[in-house]
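*Asks:* CSV, C-alpha atoms and all ligand atoms, saved as run-v1.csv, coming up:
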```csv
chain,number,residue,atom,x,y,z
V,1,MET,CA,317.7,80.4,59.9
V,2,ALA,CA,318.6,81.3,56.4
V,3,VAL,CA,315.0,82.0,55.3
V,4,SER,CA,312.2,84.1,56.9
V,5,ILE,CA,309.3,82.7,58.9
V,6,GLU,CA,307.1,83.4,55.9
V,7,ALA,CA,309.4,81.6,53.5
V,8,GLN,CA,309.5,78.6,55.9
V,9,ALA,CA,305.7,78.5,55.9
V,10,GLN,CA,305.7,78.7,52.1
V,11,LEU,CA,308.1,75.7,52.0
V,12,ARG,CA,306.1,73.7,54.5
V,13,ARG,CA,303.0,74.0,52.3
V,14,VAL,CA,304.8,72.0,49.5
V,15,ILE,CA,306.2,69.2,51.7
V,16,ALA,CA,303.8,66.3,52.0
V,17,GLU,CA,303.8,64.1,55.1
V,18,VAL,CA,303.2,60.4,54.5
V,19,PRO,CA,302.6,58.3,57.6
V,20,ASN,CA,304.0,54.8,57.7
V,21,TYR,CA,306.1,55.1,54.6
V,22,PRO,CA,308.4,53.2,53.7
V,23,LYS,CA,307.6,51.3,56.8
V,24,PRO,CA,305.4,51.5,59.9
V,25,GLY,CA,306.3,54.3,62.3
V,26,ILE,CA,308.1,56.5,59.7
V,27,LEU,CA,306.5,59.9,58.9
V,28,PHE,CA,308.0,60.4,55.4
V,29,LYS,CA,308.7,63.9,54.2
V,30,ASP,CA,307.8,63.9,50.5
V,31,ILE,CA,309.6,66.8,48.8
V,32,THR,CA,308.3,66.0,45.3
V,33,PRO,CA,305.6,68.7,45.5
V,34,LEU,CA,308.3,71.3,46.4
V,35,LEU,CA,310.5,70.1,43.4
V,36,GLY,CA,307.5,70.5,41.1
V,37,SER,CA,306.9,74.1,42.1
V,38,SER,CA,309.6,76.4,40.8
V,39,PRO,CA,309.3,79.3,43.3
V,40,GLU,CA,309.6,77.0,46.3
V,41,PHE,CA,312.4,74.9,44.7
V,42,ALA,CA,314.3,78.1,44.1
V,43,LEU,CA,313.6,79.3,47.6
V,44,ALA,CA,314.9,76.1,49.1
V,45,VAL,CA,318.1,76.0,47.0
V,46,VAL,CA,318.9,79.7,47.7
V,47,GLY,CA,318.2,79.1,51.4
V,48,MET,CA,320.6,76.2,51.4
V,49,ILE,CA,323.3,78.2,49.7
V,50,THR,CA,323.1,81.5,51.6
V,51,PRO,CA,324.7,80.5,54.9
V,52,TRP,CA,327.8,79.1,53.0
V,53,ARG,CA,328.4,82.0,50.6
V,54,ASP,CA,331.7,83.1,52.3
V,55,ALA,CA,332.8,79.8,53.7
V,56,GLY,CA,335.4,79.0,51.0
V,57,ILE,CA,333.6,75.8,49.9
V,58,THR,CA,335.5,74.1,47.0
V,59,HIS,CA,333.2,71.1,46.7
V,60,VAL,CA,329.7,70.0,47.5
V,61,VAL,CA,329.0,66.4,48.3
V,62,GLY,CA,325.5,65.2,47.5
V,63,VAL,CA,324.2,61.9,48.8
V,64,GLU,CA,322.2,59.6,46.4
V,65,SER,CA,319.6,60.4,45.4
V,66,ARG,CA,317.7,63.4,46.8
V,67,GLY,CA,321.1,64.9,47.8
V,68,PHE,CA,321.9,65.1,44.1
V,69,ILE,CA,318.7,67.2,43.4
V,70,PHE,CA,319.7,69.8,45.9
V,71,GLY,CA,323.5,69.4,45.9
V,72,ALA,CA,324.0,70.1,42.2
V,73,PRO,CA,322.3,73.6,42.2
V,74,VAL,CA,323.9,74.4,45.6
V,75,ALA,CA,327.3,73.6,44.1
V,76,LEU,CA,326.7,75.9,41.1
V,77,GLY,CA,325.5,78.6,43.3
V,78,LEU,CA,328.6,78.5,45.4
V,79,GLY,CA,331.0,78.2,42.4
V,80,ALA,CA,332.0,74.8,43.8
V,81,GLY,CA,332.4,71.4,42.2
V,82,PHE,CA,329.9,68.6,42.8
V,83,VAL,CA,330.9,65.2,44.0
V,84,PRO,CA,328.3,62.4,44.1
V,85,VAL,CA,328.2,59.9,47.0
V,86,ARG,CA,326.4,56.8,45.7
V,87,LYS,CA,324.9,53.5,46.7
V,88,PRO,CA,327.3,50.5,46.2
V,89,GLY,CA,328.2,49.5,42.7
V,90,LYS,CA,327.1,52.6,40.9
V,91,LEU,CA,330.5,54.4,40.4
V,92,PRO,CA,332.7,52.9,37.7
V,93,ARG,CA,336.2,53.5,39.1
V,94,THR,CA,338.1,52.9,42.4
V,95,VAL,CA,336.0,53.9,45.4
V,96,LEU,CA,336.1,54.6,49.1
V,97,ARG,CA,333.3,52.9,51.0
V,98,GLU,CA,331.5,53.4,54.3
V,99,ALA,CA,328.7,51.5,56.0
V,100,TYR,CA,325.9,53.5,57.6
V,101,ALA,CA,322.5,53.1,59.3
V,102,LEU,CA,319.2,54.7,58.1
V,103,ASP,CA,316.2,55.1,60.4
V,104,TYR,CA,314.7,52.5,58.1
V,105,GLY,CA,317.5,50.0,57.3
V,106,THR,CA,321.2,49.8,56.7
V,107,ASP,CA,323.4,50.4,53.6
V,108,SER,CA,326.8,51.5,52.3
V,109,LEU,CA,327.9,54.6,50.5
V,110,GLU,CA,330.7,55.0,48.0
V,111,MET,CA,332.7,57.9,46.5
V,112,HIS,CA,335.4,57.9,43.8
V,113,SER,CA,338.7,57.8,45.7
V,114,ASP,CA,340.2,60.6,43.5
V,115,ALA,CA,337.2,62.9,43.8
V,116,LEU,CA,338.6,64.9,46.8
V,117,HIS,CA,341.9,65.5,48.4
V,118,ALA,CA,343.8,67.6,51.0
V,119,GLY,CA,343.1,71.3,50.6
V,120,HIS,CA,339.4,70.8,49.6
V,121,ARG,CA,336.7,72.3,51.8
V,122,VAL,CA,333.5,70.4,51.5
V,123,LEU,CA,329.8,71.1,52.1
V,124,ILE,CA,327.7,68.0,52.6
V,125,VAL,CA,324.1,68.3,51.3
V,126,ASP,CA,321.0,66.2,51.7
V,127,ASP,CA,317.2,66.7,51.8
V,128,VAL,CA,316.6,65.4,55.3
V,129,LEU,CA,318.7,65.0,58.4
V,130,ALA,CA,317.1,62.2,60.4
V,131,THR,CA,319.4,60.0,62.5
V,132,GLY,CA,322.4,61.5,60.8
V,133,GLY,CA,323.8,58.1,59.8
V,134,THR,CA,323.9,59.0,56.1
V,135,ALA,CA,325.5,62.4,56.5
V,136,PHE,CA,328.0,61.0,59.0
V,137,ALA,CA,329.0,58.2,56.6
V,138,ALA,CA,329.5,60.9,53.9
V,139,SER,CA,331.6,62.9,56.2
V,140,ARG,CA,333.9,59.9,56.8
V,141,LEU,CA,334.3,59.4,53.1
V,142,VAL,CA,335.3,63.1,52.7
V,143,GLN,CA,337.8,62.8,55.6
V,144,ASN,CA,339.2,59.5,54.4
V,145,ALA,CA,339.9,61.2,51.1
V,146,GLY,CA,342.0,63.8,53.0
V,147,ALA,CA,339.6,66.7,52.6
V,148,VAL,CA,337.9,68.9,55.3
V,149,VAL,CA,334.2,68.9,56.0
V,150,ALA,CA,333.3,72.6,56.4
V,151,GLY,CA,329.7,71.7,57.3
V,152,TYR,CA,326.3,70.5,56.3
V,153,THR,CA,323.2,71.9,54.7
V,154,PHE,CA,319.8,70.3,54.8
V,155,LEU,CA,316.3,71.3,53.7
V,156,ILE,CA,314.7,69.5,56.7
V,157,GLU,CA,316.0,68.5,60.1
V,158,LEU,CA,314.2,66.1,62.5
V,159,PRO,CA,315.8,67.3,65.8
V,160,ALA,CA,314.0,64.7,67.9
V,161,LEU,CA,316.3,62.0,66.5
V,162,GLY,CA,319.3,63.7,68.0
V,163,ALA,CA,321.6,63.6,65.0
V,164,ARG,CA,323.6,66.7,66.0
V,165,LYS,CA,325.4,64.9,68.8
V,166,LEU,CA,327.1,62.7,66.1
V,167,PHE,CA,328.7,65.7,64.5
V,168,ASN,CA,330.6,67.1,67.5
V,169,GLY,CA,329.6,70.7,67.1
V,170,ALA,CA,330.2,70.9,63.4
V,171,ARG,CA,328.3,73.6,61.6
V,172,ILE,CA,324.9,72.3,60.4
V,173,GLU,CA,322.3,74.6,58.6
V,174,SER,CA,318.7,73.4,58.1
V,175,LEU,CA,315.9,75.4,56.6
V,176,LEU,CA,313.1,73.7,58.4
V,177,THR,CA,312.7,71.6,61.5
V,178,TYR,CA,309.8,69.2,62.2
R,201,LIG,P1,319.5,59.6,58.3
R,201,LIG,O1,320.7,58.8,57.9
R,201,LIG,O2,318.7,58.8,59.3
R,201,LIG,O3,319.8,61.0,58.8
R,201,LIG,O4,318.5,59.6,57.1
R,201,LIG,C1,318.7,60.5,56.1
R,201,LIG,C2,318.4,60.0,54.8
R,201,LIG,O5,317.2,59.2,54.8
R,201,LIG,C3,318.2,61.1,53.9
R,201,LIG,O6,318.8,60.8,52.7
R,201,LIG,C4,316.7,61.2,53.7
R,201,LIG,O7,316.4,61.4,52.4
R,201,LIG,C5,316.1,59.9,54.2
R,201,LIG,N1,315.1,60.0,55.3
R,201,LIG,C6,315.2,59.7,56.5
R,201,LIG,N2,314.1,59.9,57.2
R,201,LIG,C7,313.3,60.4,56.4
R,201,LIG,C8,311.9,60.9,56.5
R,201,LIG,N3,311.3,60.9,57.7
R,201,LIG,N4,311.4,61.5,55.4
R,201,LIG,C9,312.0,61.5,54.2
R,201,LIG,N5,313.3,61.1,54.1
R,201,LIG,C10,313.9,60.5,55.1
```
What is this file in structure tokens?
*Replies:*
Amino acid sequence: MAVSIEAQAQLRRVIAEVPNYPKPGILFKDITPLLGSSPEFALAVVGMITPWRDAGITHVVGVESRGFIFGAPVALGLGAGFVPVRKPGKLPRTVLREAYALDYGTDSLEMHSDALHAGHRVLIVDDVLATGGTAFAASRLVQNAGAVVAGYTFLIELPALGARKLFNGARIESLLTY
């Protein structure tokens, strides 16, 4: 873990749990109180950066939309570029596209086809690792562009959903597990 037990407790205090949102059976992790509290927002971003400081990351991929909030400061902290992966129809130029499953629905993700190429080492960032479908689709976009996925960094991981088996032993760092 990249942050102490005390820091984990501090972060948990500003993550609200909302039952049955956005649909029955989902316990939604609401990070907006964390974002609104500068000490914990900073603690989260630094914690997501720390394990990757010496990993030679050239680019951070953030998944729309909460992956943008964490991905952009993580990229700046690592001296890496930031690449947005977006919902369909949002990017103005030629895109690569991948379908994926959420634990509450299905969708597709797009990335500009010229955003990454061979020689780039990419860190994929999002707020929550649930089923892993979103991050796995992002990893396919990165690989289809010819770049390498160095690993993944999340604020929250829900290990009961078993996402790690999708990623074949890839390096995944999460600050909190629920
Ligand atoms: P998944 O593809 O199942 O790993 O889902 C990850 C995406 O869905 C992330 O972008 C999360 O923001 C969102 N998500 C999934 N489950 C939850 C949850 N229980 N609480 C908050 N966000 C979630």
*Asks:* With only C-alpha atoms as the counted atoms, please give the residues lying no more than 7 Å from segment 147-163 of chain V, apart from itself and same-chain residues fewer than 4 positions off, as a PyMOL selection string.
*Replies:* chain V and resi 44+48+116-132+139+142-143+170-178
*Asks:* Rank V:Leu35, V:Ile69, V:Leu43, V:Met111 by their smallest atom-to-atom distance to Ala9 of chain V, using only C-alpha atoms, and report the top residue only.
*Replies:*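 Nearest candidate to Ala9 of chain V out of V:Leu35, V:Ile69, V:Leu43, V:Met111: V:Leu43.
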*Asks:* If we count only C-alpha atoms and set the cut-off at 12 Å, which residues sit around Asn20 of chain V, ignoring sequence neighbours fewer than 5 positions away in its own chain? Please answer as a VMD selection string.
*Replies:* chain V and resid 25 to 29 104
*Asks:* Atom CA of Gly146 of chain V and atom CA of Arg97 of chain V are how many Å apart?
*Replies:* 14.1 Å
*Asks:* Which residues are near segment 80-90 of chain V? Cut-off 6 Å, all atoms listed in the file, ignore same chain within fewer than 4 positions. Put them as a list in words.
*Replies:*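 Final neighbour list, sorted by chain and number: Thr58, His59, Val60, Val61, Gly62, Val63, Glu64, Ala75, Leu109, Glu110 and Met111 of chain V.
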*Asks:* Enter the distance from atom CA of Thr32 of chain V to atom CA of Ile49 of chain V, in Å, rounded to one decimal.
*Replies:*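 That distance, rounded to one decimal, is 19.8 Å.
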*Asks:* How would segment 83-161 of chain V look written as a tab-separated table (two decimals), in the first residue's frame with C-alpha atoms?
*Replies:*
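out24.tsv, freshly written:
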```
chain	number	residue	atom	x	y	z
V	83	VAL	CA	-4.39	11.12	-22.65
V	84	PRO	CA	-8.18	11.22	-22.23
V	85	VAL	CA	-10.20	8.08	-22.97
V	86	ARG	CA	-13.75	9.24	-23.60
V	87	LYS	CA	-17.32	8.13	-24.14
V	88	PRO	CA	-18.32	7.80	-27.83
V	89	GLY	CA	-18.59	10.92	-29.96
V	90	LYS	CA	-16.67	13.29	-27.66
V	91	LEU	CA	-13.28	13.30	-29.40
V	92	PRO	CA	-13.11	15.40	-32.59
V	93	ARG	CA	-10.55	13.49	-34.68
V	94	THR	CA	-9.93	9.87	-35.77
V	95	VAL	CA	-10.41	7.46	-32.85
V	96	LEU	CA	-9.81	3.89	-31.79
V	97	ARG	CA	-12.87	2.35	-30.16
V	98	GLU	CA	-13.48	-0.52	-27.67
V	99	ALA	CA	-16.71	-1.86	-26.19
V	100	TYR	CA	-16.81	-2.69	-22.46
V	101	ALA	CA	-19.17	-3.79	-19.67
V	102	LEU	CA	-19.81	-1.82	-16.46
V	103	ASP	CA	-21.21	-3.44	-13.33
V	104	TYR	CA	-24.25	-1.29	-14.15
V	105	GLY	CA	-24.55	-1.29	-17.97
V	106	THR	CA	-22.48	-1.40	-21.16
V	107	ASP	CA	-20.76	1.29	-23.19
V	108	SER	CA	-17.82	2.02	-25.50
V	109	LEU	CA	-14.65	4.02	-25.03
V	110	GLU	CA	-12.66	6.00	-27.56
V	111	MET	CA	-9.13	7.43	-27.73
V	112	HIS	CA	-7.55	9.58	-30.43
V	113	SER	CA	-5.70	7.17	-32.71
V	114	ASP	CA	-2.58	9.37	-32.74
V	115	ALA	CA	-2.44	9.88	-28.94
V	116	LEU	CA	-0.04	6.99	-28.24
V	117	HIS	CA	2.40	4.85	-30.18
V	118	ALA	CA	5.18	2.29	-29.86
V	119	GLY	CA	7.76	3.30	-27.24
V	120	HIS	CA	5.21	4.87	-24.89
V	121	ARG	CA	4.80	3.39	-21.38
V	122	VAL	CA	1.34	4.04	-20.06
V	123	LEU	CA	-0.25	4.17	-16.60
V	124	ILE	CA	-4.05	3.77	-16.62
V	125	VAL	CA	-5.90	5.73	-13.92
V	126	ASP	CA	-9.46	5.63	-12.61
V	127	ASP	CA	-11.23	6.24	-9.32
V	128	VAL	CA	-12.73	2.77	-8.82
V	129	LEU	CA	-11.72	-0.73	-9.99
V	130	ALA	CA	-14.98	-2.70	-9.88
V	131	THR	CA	-15.43	-5.47	-12.50
V	132	GLY	CA	-12.40	-4.18	-14.40
V	133	GLY	CA	-14.26	-3.89	-17.69
V	134	THR	CA	-13.55	-0.18	-18.07
V	135	ALA	CA	-9.83	-0.37	-17.31
V	136	PHE	CA	-9.48	-3.47	-19.47
V	137	ALA	CA	-11.09	-1.66	-22.43
V	138	ALA	CA	-8.70	1.25	-21.85
V	139	SER	CA	-5.78	-1.20	-21.86
V	140	ARG	CA	-6.91	-2.58	-25.23
V	141	LEU	CA	-7.03	0.95	-26.65
V	142	VAL	CA	-3.46	1.57	-25.44
V	143	GLN	CA	-2.21	-1.72	-26.87
V	144	ASN	CA	-4.05	-1.23	-30.18
V	145	ALA	CA	-2.21	2.08	-30.50
V	146	GLY	CA	1.09	0.16	-30.18
V	147	ALA	CA	2.02	1.38	-26.69
V	148	VAL	CA	2.76	-0.67	-23.56
V	149	VAL	CA	0.57	-0.70	-20.44
V	150	ALA	CA	3.00	-0.42	-17.51
V	151	GLY	CA	0.16	-0.77	-14.99
V	152	TYR	CA	-2.87	0.65	-13.27
V	153	THR	CA	-3.51	2.96	-10.34
V	154	PHE	CA	-6.88	3.31	-8.58
V	155	LEU	CA	-8.12	5.13	-5.52
V	156	ILE	CA	-10.54	2.30	-4.66
V	157	GLU	CA	-10.57	-1.41	-5.52
V	158	LEU	CA	-13.54	-3.72	-4.94
V	159	PRO	CA	-11.68	-7.06	-4.79
V	160	ALA	CA	-14.84	-9.15	-4.35
V	161	LEU	CA	-15.64	-8.49	-8.03
```
